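Asks: The file below is start27.cif, mmCIF, C-alpha atoms:
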```
data_final
#
loop_
_atom_site.label_atom_id
_atom_site.label_comp_id
_atom_site.auth_asym_id
_atom_site.auth_seq_id
_atom_site.Cartn_x
_atom_site.Cartn_y
_atom_site.Cartn_z
CA MET A 1 22.99 43.31 -24.39
CA SER A 2 21.98 43.51 -20.74
CA SER A 3 22.56 40.50 -18.51
CA GLU A 4 18.81 39.96 -17.96
CA VAL A 5 18.24 39.48 -21.66
CA VAL A 6 21.17 37.09 -21.91
CA VAL A 7 19.83 34.97 -19.06
CA ALA A 8 16.33 34.99 -20.51
CA SER A 9 17.62 33.74 -23.86
CA GLY A 10 19.25 30.78 -22.15
CA GLY A 11 22.68 32.37 -22.23
CA LEU A 12 23.56 30.92 -25.61
CA ASP A 13 25.02 34.21 -26.86
CA CYS A 14 27.38 34.52 -23.92
CA HIS A 15 30.86 33.06 -24.20
CA LEU A 16 33.93 32.82 -22.04
CA LEU A 17 35.85 35.46 -23.98
CA SER A 18 32.97 37.86 -24.68
CA GLY A 19 33.20 39.16 -21.13
CA CYS A 20 29.59 38.97 -20.03
CA GLY A 21 29.99 36.49 -17.17
CA PHE A 22 28.46 33.08 -16.69
CA PRO A 23 24.68 33.24 -17.23
CA ALA A 24 23.71 30.83 -14.42
CA PRO A 25 20.19 29.52 -14.91
CA GLY A 26 17.66 30.40 -12.24
CA ALA A 27 14.00 29.78 -11.56
CA GLU A 28 13.13 31.45 -14.86
CA ILE A 29 13.94 28.25 -16.76
CA PHE A 30 10.77 26.80 -15.21
CA LEU A 31 8.58 29.56 -16.59
CA PHE A 32 7.01 29.12 -19.99
CA ASP A 33 5.04 31.41 -22.25
CA GLU A 34 1.36 30.72 -22.67
CA ILE A 35 0.64 28.99 -25.94
CA ALA A 36 -3.09 29.55 -25.60
CA ALA A 37 -5.30 31.17 -23.00
CA PHE A 38 -9.01 31.01 -22.36
CA THR A 39 -11.48 31.89 -19.66
CA ILE A 40 -14.29 29.81 -18.25
CA GLY A 41 -16.46 31.88 -15.94
CA SER A 42 -14.03 33.73 -13.69
CA LEU A 43 -11.25 31.14 -14.05
CA GLU A 44 -8.38 31.91 -16.38
CA PHE A 45 -6.58 29.06 -18.03
CA GLY A 46 -3.15 29.41 -19.59
CA ILE A 47 -1.90 26.49 -21.65
CA THR A 48 1.89 26.17 -21.55
CA LYS A 49 4.39 23.56 -22.64
CA VAL A 50 4.05 21.92 -19.23
CA THR A 51 0.27 21.53 -19.57
CA ILE A 52 0.72 19.91 -22.95
CA LEU A 53 3.41 17.54 -21.62
CA LEU A 54 1.11 16.54 -18.76
CA PHE A 55 -1.64 15.64 -21.22
CA VAL A 56 0.84 13.87 -23.49
CA SER A 57 1.98 11.77 -20.51
CA VAL A 58 -1.58 10.85 -19.59
CA PHE A 59 -2.46 9.83 -23.14
CA LEU A 60 0.80 7.89 -23.58
CA ILE A 61 0.06 5.86 -20.45
CA LEU A 62 -3.56 5.29 -21.48
CA GLY A 63 -2.54 4.39 -25.01
CA PHE A 64 0.19 2.00 -23.95
CA PHE A 65 -1.86 0.06 -21.43
CA ILE A 66 -4.97 -0.09 -23.61
CA TYR A 67 -2.75 -1.38 -26.42
CA ALA A 68 -0.99 -3.85 -24.10
CA PHE A 69 -4.20 -5.35 -22.72
CA ARG A 70 -6.49 -5.06 -25.76
CA LYS A 71 -6.39 -8.83 -26.43
CA PRO A 72 -4.92 -10.41 -23.30
CA LYS A 73 -3.35 -13.81 -23.81
CA LEU A 74 -2.68 -16.43 -21.18
CA VAL A 75 0.99 -16.46 -22.13
CA PRO A 76 1.83 -12.76 -22.44
CA ARG A 77 4.06 -11.50 -25.21
CA GLY A 78 5.47 -8.11 -26.19
CA ALA A 79 3.61 -5.12 -24.80
CA GLN A 80 1.34 -7.26 -22.64
CA ASN A 81 4.42 -8.74 -21.00
CA VAL A 82 5.76 -5.29 -20.13
CA GLY A 83 2.33 -4.19 -18.89
CA GLU A 84 1.99 -7.23 -16.66
CA MET A 85 5.48 -6.71 -15.26
CA GLY A 86 4.50 -3.17 -14.29
CA TYR A 87 1.24 -4.38 -12.79
CA LEU A 88 2.90 -7.14 -10.77
CA PHE A 89 5.60 -4.76 -9.57
CA ILE A 90 2.96 -2.45 -8.10
CA ARG A 91 0.74 -5.24 -6.78
CA ASP A 92 3.42 -7.38 -5.12
CA GLY A 93 6.14 -4.82 -4.53
CA ILE A 94 4.03 -1.98 -3.18
CA ALA A 95 0.36 -2.82 -2.55
CA ARG A 96 0.67 -6.24 -0.92
CA ASP A 97 3.95 -5.52 0.86
CA THR A 98 2.79 -2.24 2.33
CA ILE A 99 -0.97 -2.53 2.75
CA GLY A 100 -1.35 -6.30 3.09
CA LYS A 101 -4.39 -8.41 2.33
CA GLU A 102 -6.49 -5.42 1.39
CA GLY A 103 -3.78 -4.04 -0.86
CA ASP A 104 -5.28 -5.47 -4.04
CA LYS A 105 -8.16 -2.98 -3.83
CA PHE A 106 -5.71 -0.10 -4.14
CA VAL A 107 -3.60 -1.46 -6.99
CA PRO A 108 -5.40 0.63 -9.68
CA PHE A 109 -4.85 3.80 -7.64
CA LEU A 110 -1.17 3.11 -6.95
CA PHE A 111 -0.57 1.80 -10.47
CA SER A 112 -1.93 4.98 -12.07
CA PHE A 113 0.09 7.16 -9.74
CA PHE A 114 3.35 5.31 -10.26
CA PHE A 115 3.22 5.49 -14.03
CA LEU A 116 1.89 9.04 -14.14
CA VAL A 117 4.60 10.33 -11.80
CA TRP A 118 7.29 8.36 -13.55
CA LEU A 119 6.37 9.54 -17.03
CA THR A 120 5.88 13.18 -15.99
CA ASN A 121 9.31 13.01 -14.30
CA PHE A 122 10.76 11.35 -17.37
CA MET A 123 9.75 14.32 -19.55
CA GLY A 124 12.81 16.04 -18.06
CA ILE A 125 15.21 14.01 -20.19
CA VAL A 126 13.10 13.54 -23.31
CA PRO A 127 14.68 15.62 -26.12
CA PHE A 128 12.62 18.75 -26.95
CA ALA A 129 10.34 18.21 -23.95
CA GLN A 130 13.22 18.69 -21.48
CA ILE A 131 11.21 19.83 -18.50
CA PRO A 132 10.09 17.47 -15.75
CA VAL A 133 6.38 18.26 -15.42
CA THR A 134 6.60 17.57 -11.68
CA SER A 135 9.19 20.35 -11.23
CA ILE A 136 6.29 22.83 -11.47
CA PHE A 137 5.20 22.91 -7.84
CA ALA A 138 1.44 22.94 -8.49
CA ILE A 139 1.56 19.49 -10.06
CA PRO A 140 3.14 17.50 -7.19
CA VAL A 141 0.85 19.47 -4.86
CA ALA A 142 -2.16 18.29 -6.85
CA PHE A 143 -0.87 14.70 -6.78
CA ALA A 144 -0.24 14.80 -3.03
CA LEU A 145 -3.70 16.31 -2.43
CA ILE A 146 -5.34 13.46 -4.33
CA VAL A 147 -3.53 10.99 -2.07
CA TYR A 148 -4.51 13.08 0.96
CA VAL A 149 -8.22 13.16 0.14
CA THR A 150 -7.99 9.41 -0.35
CA TRP A 151 -6.43 8.26 2.91
CA VAL A 152 -8.16 10.68 5.30
CA PRO A 153 -11.72 9.59 4.36
CA ILE A 154 -10.60 5.94 4.39
CA GLY A 155 -9.27 6.41 7.93
CA ILE A 156 -12.46 8.14 9.09
CA TYR A 157 -14.59 5.46 7.45
CA ARG A 158 -12.64 2.58 8.97
CA GLN A 159 -11.88 3.91 12.45
CA GLY A 160 -14.81 6.25 12.95
CA PHE A 161 -14.43 10.02 13.13
CA PHE A 162 -13.30 10.13 16.76
CA GLY A 163 -11.32 6.92 16.55
CA PHE A 164 -9.37 8.27 13.59
CA PHE A 165 -8.43 11.49 15.36
CA LYS A 166 -7.73 9.67 18.61
CA ASN A 167 -5.25 7.40 16.84
CA LEU A 168 -3.69 10.35 15.03
CA LEU A 169 -3.36 12.62 18.04
CA PHE A 170 -2.45 10.33 20.92
CA PRO A 171 0.58 8.11 20.30
CA PRO A 172 0.67 5.11 22.66
CA GLY A 173 3.39 4.59 25.24
CA VAL A 174 3.55 8.24 26.32
CA PRO A 175 2.53 9.52 29.79
CA LYS A 176 -0.89 11.22 29.74
CA ALA A 177 0.49 14.57 30.91
CA MET A 178 2.76 14.84 27.89
CA TYR A 179 -0.19 14.77 25.50
CA VAL A 180 -0.63 18.50 26.06
CA LEU A 181 2.68 19.11 24.28
CA LEU A 182 2.67 16.13 21.95
CA ALA A 183 -0.88 16.02 20.59
CA PRO A 184 -0.52 19.28 18.59
CA LEU A 185 2.81 17.98 17.31
CA GLU A 186 1.23 14.73 16.14
CA PHE A 187 -1.69 16.60 14.63
CA LEU A 188 0.56 18.82 12.53
CA SER A 189 2.90 15.94 11.72
CA ASN A 190 0.14 13.70 10.39
CA LEU A 191 -2.27 16.11 8.78
CA LEU A 192 -0.03 18.95 7.58
CA VAL A 193 3.61 17.93 7.33
CA ARG A 194 2.84 14.55 5.75
CA PRO A 195 1.10 15.87 2.61
CA ALA A 196 3.49 18.84 2.45
CA THR A 197 6.63 16.68 2.50
CA HIS A 198 4.95 14.25 0.13
CA ALA A 199 4.66 17.02 -2.47
CA ILE A 200 7.93 18.79 -1.67
CA ARG A 201 10.01 15.59 -1.83
CA LEU A 202 8.97 14.99 -5.42
CA PHE A 203 9.08 18.64 -6.48
CA ALA A 204 12.48 19.43 -4.95
CA ASN A 205 14.16 16.39 -6.46
CA MET A 206 12.89 17.16 -9.94
CA PHE A 207 13.55 20.91 -9.63
CA ALA A 208 17.12 20.44 -8.44
CA GLY A 209 17.86 17.76 -11.01
CA HIS A 210 16.63 19.91 -13.87
CA LEU A 211 18.57 22.92 -12.62
CA LEU A 212 21.77 20.85 -12.44
CA ILE A 213 21.42 19.55 -15.98
CA ALA A 214 20.63 23.07 -17.23
CA THR A 215 23.65 24.56 -15.43
CA PHE A 216 26.10 22.11 -16.94
CA SER A 217 24.53 22.31 -20.39
CA ILE A 218 24.78 26.10 -20.39
CA ALA A 219 28.34 25.85 -19.06
CA ALA A 220 29.23 23.61 -21.99
CA PHE A 221 28.02 26.34 -24.40
CA TYR A 222 29.50 29.18 -22.39
CA LEU A 223 32.98 27.68 -22.14
CA LEU A 224 33.15 26.65 -25.80
CA SER A 225 35.75 29.05 -27.18
CA ALA A 226 39.11 29.05 -28.84
CA SER A 227 41.24 28.54 -25.73
CA VAL A 228 42.63 25.52 -23.91
CA ILE A 229 40.67 26.18 -20.73
CA GLY A 230 37.53 26.79 -22.75
CA LEU A 231 37.74 23.57 -24.73
CA LEU A 232 38.68 21.42 -21.71
CA GLY A 233 36.01 23.00 -19.54
CA SER A 234 33.39 22.70 -22.23
CA ALA A 235 34.17 19.02 -22.77
CA ALA A 236 34.11 18.39 -19.03
CA SER A 237 30.78 20.21 -18.59
CA PHE A 238 29.28 18.33 -21.50
CA THR A 239 30.40 15.00 -20.02
CA VAL A 240 28.98 15.91 -16.63
CA ALA A 241 25.69 16.97 -18.23
CA ILE A 242 25.42 13.60 -19.96
CA ALA A 243 26.30 11.73 -16.76
CA LEU A 244 23.74 13.78 -14.81
CA THR A 245 21.10 12.92 -17.39
CA GLY A 246 21.71 9.24 -16.71
CA PHE A 247 21.63 9.93 -12.98
CA GLU A 248 18.35 11.82 -13.40
CA ALA A 249 16.81 8.84 -15.16
CA LEU A 250 17.52 6.85 -12.00
CA ILE A 251 16.19 9.55 -9.66
CA GLN A 252 13.01 9.92 -11.71
CA ALA A 253 12.13 6.25 -11.33
CA LEU A 254 13.14 6.29 -7.67
CA GLN A 255 11.02 9.33 -6.86
CA ALA A 256 8.01 7.82 -8.62
CA TYR A 257 8.51 4.68 -6.53
CA ILE A 258 8.86 6.63 -3.28
CA PHE A 259 5.80 8.74 -4.05
CA THR A 260 3.71 5.61 -4.67
CA LEU A 261 5.17 3.81 -1.69
CA LEU A 262 4.31 6.71 0.60
CA ALA A 263 0.77 6.83 -0.76
CA ALA A 264 0.51 3.13 0.12
CA VAL A 265 2.01 3.72 3.59
CA TYR A 266 -0.57 6.44 4.31
CA ILE A 267 -3.45 4.25 3.11
CA ALA A 268 -2.12 1.34 5.19
CA GLY A 269 -1.99 3.56 8.26
CA ALA A 270 -5.58 4.64 7.69
CA LEU A 271 -6.76 1.04 7.25
CA ASN A 272 -4.93 -0.54 10.18
CA PRO A 273 -4.00 1.79 13.02
CA GLU A 274 -1.20 0.26 15.06
CA HIS A 275 -2.83 0.79 18.42
CA MET B 1 30.69 -33.26 3.27
CA THR B 2 30.15 -34.95 6.62
CA GLY B 3 33.10 -37.33 6.69
CA PRO B 4 35.75 -37.78 9.37
CA GLY B 5 37.86 -34.69 9.81
CA THR B 6 35.24 -32.22 8.51
CA THR B 7 33.33 -29.93 10.78
CA ARG B 8 29.64 -29.80 10.16
CA VAL B 9 28.44 -26.23 10.21
CA ARG B 10 24.96 -25.77 11.51
CA ALA B 11 22.73 -23.70 9.30
CA GLY B 12 22.24 -20.21 10.67
CA TRP B 13 25.41 -20.35 12.83
CA TYR B 14 26.03 -16.67 12.16
CA ARG B 15 23.09 -15.60 14.24
CA SER B 16 23.74 -17.96 17.14
CA GLY B 17 24.62 -15.00 19.35
CA ALA B 18 21.77 -12.83 18.21
CA ARG B 19 18.18 -12.96 19.32
CA ARG B 20 16.44 -15.42 17.07
CA ARG B 21 13.38 -13.92 15.58
CA THR B 22 10.83 -14.47 12.91
CA VAL B 23 10.20 -11.55 10.60
CA THR B 24 6.79 -11.43 9.00
CA MET B 25 5.42 -9.05 6.41
CA GLY B 26 3.54 -7.38 9.24
CA ASP B 27 6.81 -6.61 11.05
CA ALA B 28 8.37 -5.19 7.92
CA ARG B 29 5.32 -3.02 7.37
CA ARG B 30 5.33 -1.71 10.94
CA MET B 31 9.03 -0.85 10.66
CA SER B 32 8.48 1.05 7.42
CA ASN B 33 5.48 2.92 8.85
CA SER B 34 7.32 3.98 11.98
CA ALA B 35 10.35 5.08 9.97
CA TRP B 36 8.23 7.43 7.85
CA ALA B 37 6.21 8.65 10.84
CA ASN B 38 9.33 9.41 12.88
CA SER B 39 11.03 11.41 10.14
CA SER B 40 7.90 13.53 9.89
CA ARG B 41 7.76 13.97 13.69
CA LEU B 42 11.34 15.21 13.78
CA ILE B 43 10.64 18.00 11.29
CA THR B 44 7.29 18.91 12.81
CA GLY B 45 8.51 19.25 16.38
CA LEU B 46 11.32 21.54 15.33
CA LEU B 47 9.19 23.70 13.04
CA MET B 48 6.18 23.92 15.33
CA TYR B 49 7.94 24.91 18.52
CA THR B 50 10.35 27.24 16.73
CA GLY B 51 7.27 28.90 15.28
CA LEU B 52 5.61 29.06 18.69
CA GLY B 53 8.76 30.57 20.18
CA TRP B 54 8.80 33.17 17.42
CA LEU B 55 5.15 34.04 18.02
CA VAL B 56 5.69 34.41 21.76
CA SER B 57 8.80 36.51 21.18
CA ARG B 58 6.79 38.80 18.90
CA TRP B 59 4.09 39.04 21.52
CA VAL B 60 6.45 40.00 24.34
CA GLY B 61 8.48 42.34 22.14
CA HIS B 62 11.19 40.63 20.10
CA GLN B 63 13.17 38.50 22.43
CA ALA B 64 15.09 36.46 19.88
CA LEU B 65 16.15 34.03 22.59
CA LEU B 66 12.60 32.67 22.88
CA MET B 67 12.70 31.39 19.31
CA THR B 68 15.98 29.57 20.00
CA ILE B 69 14.52 28.07 23.17
CA GLY B 70 11.48 27.02 21.14
CA ALA B 71 13.74 25.25 18.63
CA PHE B 72 15.51 23.31 21.38
CA VAL B 73 12.27 22.45 23.17
CA GLY B 74 10.72 21.30 19.89
CA LEU B 75 13.68 19.12 19.02
CA ALA B 76 13.72 17.65 22.54
CA LEU B 77 9.99 16.89 22.34
CA SER B 78 10.40 15.27 18.93
CA TYR B 79 13.15 13.03 20.22
CA TYR B 80 11.12 12.22 23.33
CA LEU B 81 8.11 11.25 21.22
CA ILE B 82 10.24 9.16 18.87
CA PHE B 83 12.01 7.32 21.71
CA LYS B 84 8.75 6.65 23.50
CA SER B 85 6.95 5.37 20.44
CA LEU B 86 9.93 3.21 19.44
CA ALA B 87 10.06 1.76 22.96
CA HIS B 88 6.35 1.03 22.73
CA GLU B 89 6.84 -0.69 19.37
CA ALA B 90 9.72 -2.74 20.75
CA ARG B 91 7.52 -3.93 23.64
CA GLU B 92 4.71 -4.81 21.23
CA ASP B 93 7.20 -6.64 19.05
CA GLU B 94 8.52 -8.62 22.02
CA ARG B 95 4.96 -9.54 22.96
CA ARG B 96 4.19 -10.73 19.45
CA GLN B 97 7.38 -12.80 19.33
CA GLU B 98 6.50 -14.47 22.63
CA SER B 99 2.97 -15.30 21.56
CA MET B 100 4.31 -16.68 18.30
CA LYS B 101 6.80 -18.87 20.16
CA ASP B 102 4.08 -20.15 22.47
CA SER B 103 1.80 -21.07 19.63
CA THR B 104 4.66 -22.97 17.94
CA ARG B 105 5.52 -24.81 21.15
CA ALA B 106 1.93 -25.79 21.70
CA GLY B 107 2.11 -27.69 18.44
CA LYS B 108 -0.06 -25.27 16.52
CA LYS B 109 0.80 -24.36 13.01
CA SER B 110 3.35 -21.58 13.05
CA GLU B 111 1.96 -18.16 12.34
CA ARG B 112 5.12 -17.33 10.46
CA GLY B 113 4.11 -15.57 7.30
CA MET B 114 0.58 -16.92 7.44
CA GLU B 115 -1.00 -13.58 8.06
CA GLU B 116 -0.22 -12.19 4.63
CA PRO B 117 0.05 -13.38 1.06
CA GLY B 118 3.79 -12.65 0.93
CA VAL B 119 6.54 -14.00 3.17
CA ILE B 120 10.02 -12.64 3.80
#
```
Starting from the coordinates I provided, produce the structure as structure tokens.

Replies:
Amino acid sequence: MSSEVVVASGGLDCHLLSGCGFPAPGAEIFLFDEIAAFTIGSLEFGITKVTILLFVSVFLILGFFIYAFRKPKLVPRGAQNVGEMGYLFIRDGIARDTIGKEGDKFVPFLFSFFFLVWLTNFMGIVPFAQIPVTSIFAIPVAFALIVYVTWVPIGIYRQGFFGFFKNLLFPPGVPKAMYVLLAPLEFLSNLLVRPATHAIRLFANMFAGHLLIATFSIAAFYLLSASVIGLLGSAASFTVAIALTGFEALIQALQAYIFTLLAAVYIAGALNPEH
Amino acid sequence: MTGPGTTRVRAGWYRSGARRRTVTMGDARRMSNSAWANSSRLITGLLMYTGLGWLVSRWVGHQALLMTIGAFVGLALSYYLIFKSLAHEAREDERRQESMKDSTRAGKKSERGMEEPGVI
């Protein structure tokens, strides 16, 4: 069996004593076979596990919140209680703290993003799903683009076209002559690096986390053999994989929070320029 | 607690040496905004001027030194921009603190936390 085939099969046939080396997982664990494919016009659509998980996440969120708020009571109980806690967390913890008085208008936007990002991240540690949807780069890019096409028009609408670009390009407190060197820097920083880092921050965290869990899980299988080193190493790898899963649960929530917070920071900057 | 032999500790004694200041939600928001903006500036300056240096070095025929110089210039410019904008924010902050103090002294209702629904 060639090493490529072993890696592609997840390395489950490879063991410490069979002499085929450790099948370290690579980027191929993020590639999935198409379950279905169709074409609309000239666009080709391939449905993979990730697509399905994305839709499952969306419908779970919709289902939960529609269920929670179907018959709202003044004194919330059960699901409504949880739903209201989530709502208040976004409204008070993110929207009002970051945007201010006008924050309430953006609560639905931030609320949807927080729960969508969180649940799509969470798919990474759900048994049988086991892939964070946001570790496929196109998905955080799409999320970041939605935020981008929200705050840029808001800024242009509120500050005027020239006012918006003036505030973006010319930071206050800098001598006029330096603007030649600094204005392009500010332009790139605000309009290119911001959305790029917004997407990459989420993607890289989820990608790296999933790779780590996969590495230790495969190591636990690989080392499992009738030898002292094998058994000890396998047990250690298994323990680390479990611990990392718990750690990932934390990172997933944190990244969803940071993504939403940054969206709010960008909207706040578009609404109230500091100078 | 205030009998003979006990020392009465004034509330807030621990900041007696420090500059007394009022922190509003607005201040917290400005700090958070500038933190995110500055991290983005640091990366951009480095990347942009390294890239420019690389382009120029290609143009003049592969002088690798130009790219290195670009990296240093970019980093220096980023730091310059960050220092300048932080200094500007500190001045603005000072100005706001003064105006807040004046309005309190003049017997007006303190602006502390009144500008936003939440208060730190």

Asks: Quick one: which chain B residues come within 12 Å of chain A, and what is the nearest atom pair for each with the distance in Å to one decimal, counting all atoms listed in the file, rows ordered by chain and ascending number, as a Markdown table?

Replies:
```
| residue | atom | partner | partner_atom | distance |
| --- | --- | --- | --- | --- |
| B:Thr24 | CA | A:Asp97 | CA | 10.5 |
| B:Met25 | CA | A:Asp97 | CA | 6.7 |
| B:Gly26 | CA | A:Gly100 | CA | 7.9 |
| B:Asp27 | CA | A:Thr98 | CA | 10.5 |
| B:Ala28 | CA | A:Asp97 | CA | 8.3 |
| B:Arg29 | CA | A:Thr98 | CA | 5.7 |
| B:Arg30 | CA | A:Glu274 | CA | 8.0 |
| B:Met31 | CA | A:Thr98 | CA | 10.5 |
| B:Ser32 | CA | A:Val265 | CA | 8.0 |
| B:Asn33 | CA | A:Val265 | CA | 6.4 |
| B:Ser34 | CA | A:Glu274 | CA | 9.8 |
| B:Ala35 | CA | A:Val265 | CA | 10.6 |
| B:Trp36 | CA | A:Leu262 | CA | 8.3 |
| B:Ala37 | CA | A:Asn190 | CA | 7.9 |
| B:Asn38 | CA | A:Ser189 | CA | 9.2 |
| B:Ser39 | CA | A:Ser189 | CA | 9.4 |
| B:Ser40 | CA | A:Ser189 | CA | 5.8 |
| B:Arg41 | CA | A:Ser189 | CA | 5.6 |
| B:Leu42 | CA | A:Ser189 | CA | 8.7 |
| B:Ile43 | CA | A:Ser189 | CA | 8.0 |
| B:Thr44 | CA | A:Ser189 | CA | 5.4 |
| B:Gly45 | CA | A:Leu185 | CA | 5.9 |
| B:Leu46 | CA | A:Leu185 | CA | 9.4 |
| B:Leu47 | CA | A:Leu185 | CA | 9.6 |
| B:Met48 | CA | A:Leu185 | CA | 7.1 |
| B:Tyr49 | CA | A:Leu185 | CA | 8.7 |
| B:Thr50 | CA | A:Leu185 | CA | 12.0 |
| B:Gly51 | CA | A:Leu185 | CA | 12.0 |
| B:Leu52 | CA | A:Leu185 | CA | 11.5 |
| B:Val73 | CA | A:Leu181 | CA | 10.2 |
| B:Gly74 | CA | A:Leu185 | CA | 9.0 |
| B:Leu75 | CA | A:Leu185 | CA | 11.1 |
| B:Ala76 | CA | A:Leu182 | CA | 11.2 |
| B:Leu77 | CA | A:Leu182 | CA | 7.4 |
| B:Ser78 | CA | A:Leu185 | CA | 8.2 |
| B:Tyr79 | CA | A:Leu182 | CA | 11.1 |
| B:Tyr80 | CA | A:Val174 | CA | 9.1 |
| B:Leu81 | CA | A:Leu182 | CA | 7.3 |
| B:Ile82 | CA | A:Pro171 | CA | 9.8 |
| B:Phe83 | CA | A:Val174 | CA | 9.7 |
| B:Lys84 | CA | A:Gly173 | CA | 6.0 |
| B:Ser85 | CA | A:Gly173 | CA | 6.0 |
| B:Leu86 | CA | A:Gly173 | CA | 8.8 |
| B:Ala87 | CA | A:Gly173 | CA | 7.6 |
| B:His88 | CA | A:Gly173 | CA | 5.3 |
| B:Glu89 | CA | A:Gly173 | CA | 8.6 |
| B:Ala90 | CA | A:Gly173 | CA | 10.7 |
| B:Arg91 | CA | A:Gly173 | CA | 9.6 |
| B:Glu92 | CA | A:His275 | CA | 9.8 |
| B:Asp93 | CA | A:Glu274 | CA | 11.6 |
| B:Gly113 | CA | A:Gly100 | CA | 11.6 |
| B:Met114 | CA | A:Lys101 | CA | 11.1 |
| B:Glu115 | CA | A:Lys101 | CA | 8.4 |
| B:Glu116 | CA | A:Lys101 | CA | 6.1 |
| B:Pro117 | CA | A:Lys101 | CA | 6.8 |
| B:Gly118 | CA | A:Asp97 | CA | 7.1 |
| B:Val119 | CA | A:Asp97 | CA | 9.2 |
| B:Ile120 | CA | A:Asp97 | CA | 9.8 |
```

Asks: Run the PyMOL selection byres ((chain A and resi 145) around 12) mentally over the shown coordinates, then write out the matched residues as a list of chain:residue names, using the chain letters and numbers from the document.

Replies: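 With the PyMOL selection byres ((chain A and resi 145) around 12) on this model, the match is A:Ala138, A:Ile139, A:Pro140, A:Val141, A:Ala142, A:Phe143, A:Ala144, A:Ile146, A:Val147, A:Tyr148, A:Val149, A:Thr150, A:Trp151, A:Val152, A:Leu191, A:Leu192, A:Arg194, A:Pro195, A:Ala196, A:Thr197, A:His198, A:Ala199, A:Ile200, A:Ala263.
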
Asks: In Å, how far is it from CA of Phe238 in chain A to CA of Met123 in chain A?

Replies: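 Computed distance, CA of Phe238 in chain A to CA of Met123 in chain A, equals 20.0 Å.
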
Asks: Quick check, in Å to one decimal: how far apart do CA of Ile242 in chain A and CA of Gln130 in chain A lie?

Replies: 13.3 Å

Asks: Tell me, in Å to one decimal, how far CA of Leu88 in chain A is from CA of Lys105 in chain A.

Replies: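 So the two atoms, CA of Leu88 in chain A and CA of Lys105 in chain A, lie 13.7 Å apart.
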
Asks: Fewer than 2 positions away in the same chain doesn't count, so skip those; otherwise give me all residues within 9 Å of Phe111 in chain A, counting only C-alpha atoms, as a list in words.

Replies: Gly86, Tyr87, Ile90, Arg91, Phe106, Val107, Pro108, Phe109, Phe113, Phe114, Phe115, Leu116 and Thr260 of chain A

Asks: Running the PyMOL selection byres ((chain A and resi 155) around 10) on this model by hand, what would come out? Give it as a list of chain:residue names.

Replies: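 Going through the file, the PyMOL selection byres ((chain A and resi 155) around 10) ends up selecting A:Thr150, A:Trp151, A:Val152, A:Pro153, A:Ile154, A:Ile156, A:Tyr157, A:Arg158, A:Gln159, A:Gly160, A:Phe161, A:Gly163, A:Phe164, A:Phe165, A:Asn167, A:Leu168, A:Tyr266, A:Ile267, A:Ala268, A:Gly269, A:Ala270, A:Leu271, A:Asn272, A:Pro273.
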
Asks: If you count all atoms listed in the file, which residues fall within 7 Å of Gln252 in chain A, apart from same-chain ones fewer than 3 positions away, as a PyMOL selection string?

Replies: chain A and resi 118+121-122+248-249+255-256

Asks: Would you place a box with edges along x, y and z of the file around all atoms of range 82-90 of chain B listed there, add 5 Å to each of its six sides, and report the centre and edge lengths in Å to one decimal, as AutoDock Vina command-line options?

Replies:
```
--center_x 9.2 --center_y 3.2 --center_z 21.2 --size_x 15.7 --size_y 21.9 --size_z 14.6
```

Asks: For each of A:Ser42, A:Asn205, A:Ser18, A:Thr245, take the minimum atom-to-atom distance to Ile125 in chain A, counting all atoms listed in the file, then give the residue where this is smallest.

Replies: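 Closest to Ile125 in chain A of all the choices is A:Thr245.
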
Asks: What do you get, as an NGL selection string, if you spell out every residue that the PyMOL selection byres ((chain A and resi 207-213) around 10) selects here?

Replies: :A and (24-27 or 29-30 or 124-125 or 130-137 or 200 or 202-206 or 214-219 or 237-238 or 240-245 or 247-249 or 251-252)

Asks: Hey, can you spit out that residue selection with C-alpha atoms as a compact mmCIF listing (two decimals), in the frame of the given file?

Replies:
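In the end it all went to selection_25.txt:
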```txt
# COMPACT_ATOMS: atom_id res chain seq x y z
CA ALA A 24 23.71 30.83 -14.42
CA PRO A 25 20.19 29.52 -14.91
CA GLY A 26 17.66 30.40 -12.24
CA ALA A 27 14.00 29.78 -11.56
CA ILE A 29 13.94 28.25 -16.76
CA PHE A 30 10.77 26.80 -15.21
CA GLY A 124 12.81 16.04 -18.06
CA ILE A 125 15.21 14.01 -20.19
CA GLN A 130 13.22 18.69 -21.48
CA ILE A 131 11.21 19.83 -18.50
CA PRO A 132 10.09 17.47 -15.75
CA VAL A 133 6.38 18.26 -15.42
CA THR A 134 6.60 17.57 -11.68
CA SER A 135 9.19 20.35 -11.23
CA ILE A 136 6.29 22.83 -11.47
CA PHE A 137 5.20 22.91 -7.84
CA ILE A 200 7.93 18.79 -1.67
CA LEU A 202 8.97 14.99 -5.42
CA PHE A 203 9.08 18.64 -6.48
CA ALA A 204 12.48 19.43 -4.95
CA ASN A 205 14.16 16.39 -6.46
CA MET A 206 12.89 17.16 -9.94
CA ALA A 214 20.63 23.07 -17.23
CA THR A 215 23.65 24.56 -15.43
CA PHE A 216 26.10 22.11 -16.94
CA SER A 217 24.53 22.31 -20.39
CA ILE A 218 24.78 26.10 -20.39
CA ALA A 219 28.34 25.85 -19.06
CA SER A 237 30.78 20.21 -18.59
CA PHE A 238 29.28 18.33 -21.50
CA VAL A 240 28.98 15.91 -16.63
CA ALA A 241 25.69 16.97 -18.23
CA ILE A 242 25.42 13.60 -19.96
CA ALA A 243 26.30 11.73 -16.76
CA LEU A 244 23.74 13.78 -14.81
CA THR A 245 21.10 12.92 -17.39
CA PHE A 247 21.63 9.93 -12.98
CA GLU A 248 18.35 11.82 -13.40
CA ALA A 249 16.81 8.84 -15.16
CA ILE A 251 16.19 9.55 -9.66
CA GLN A 252 13.01 9.92 -11.71
```
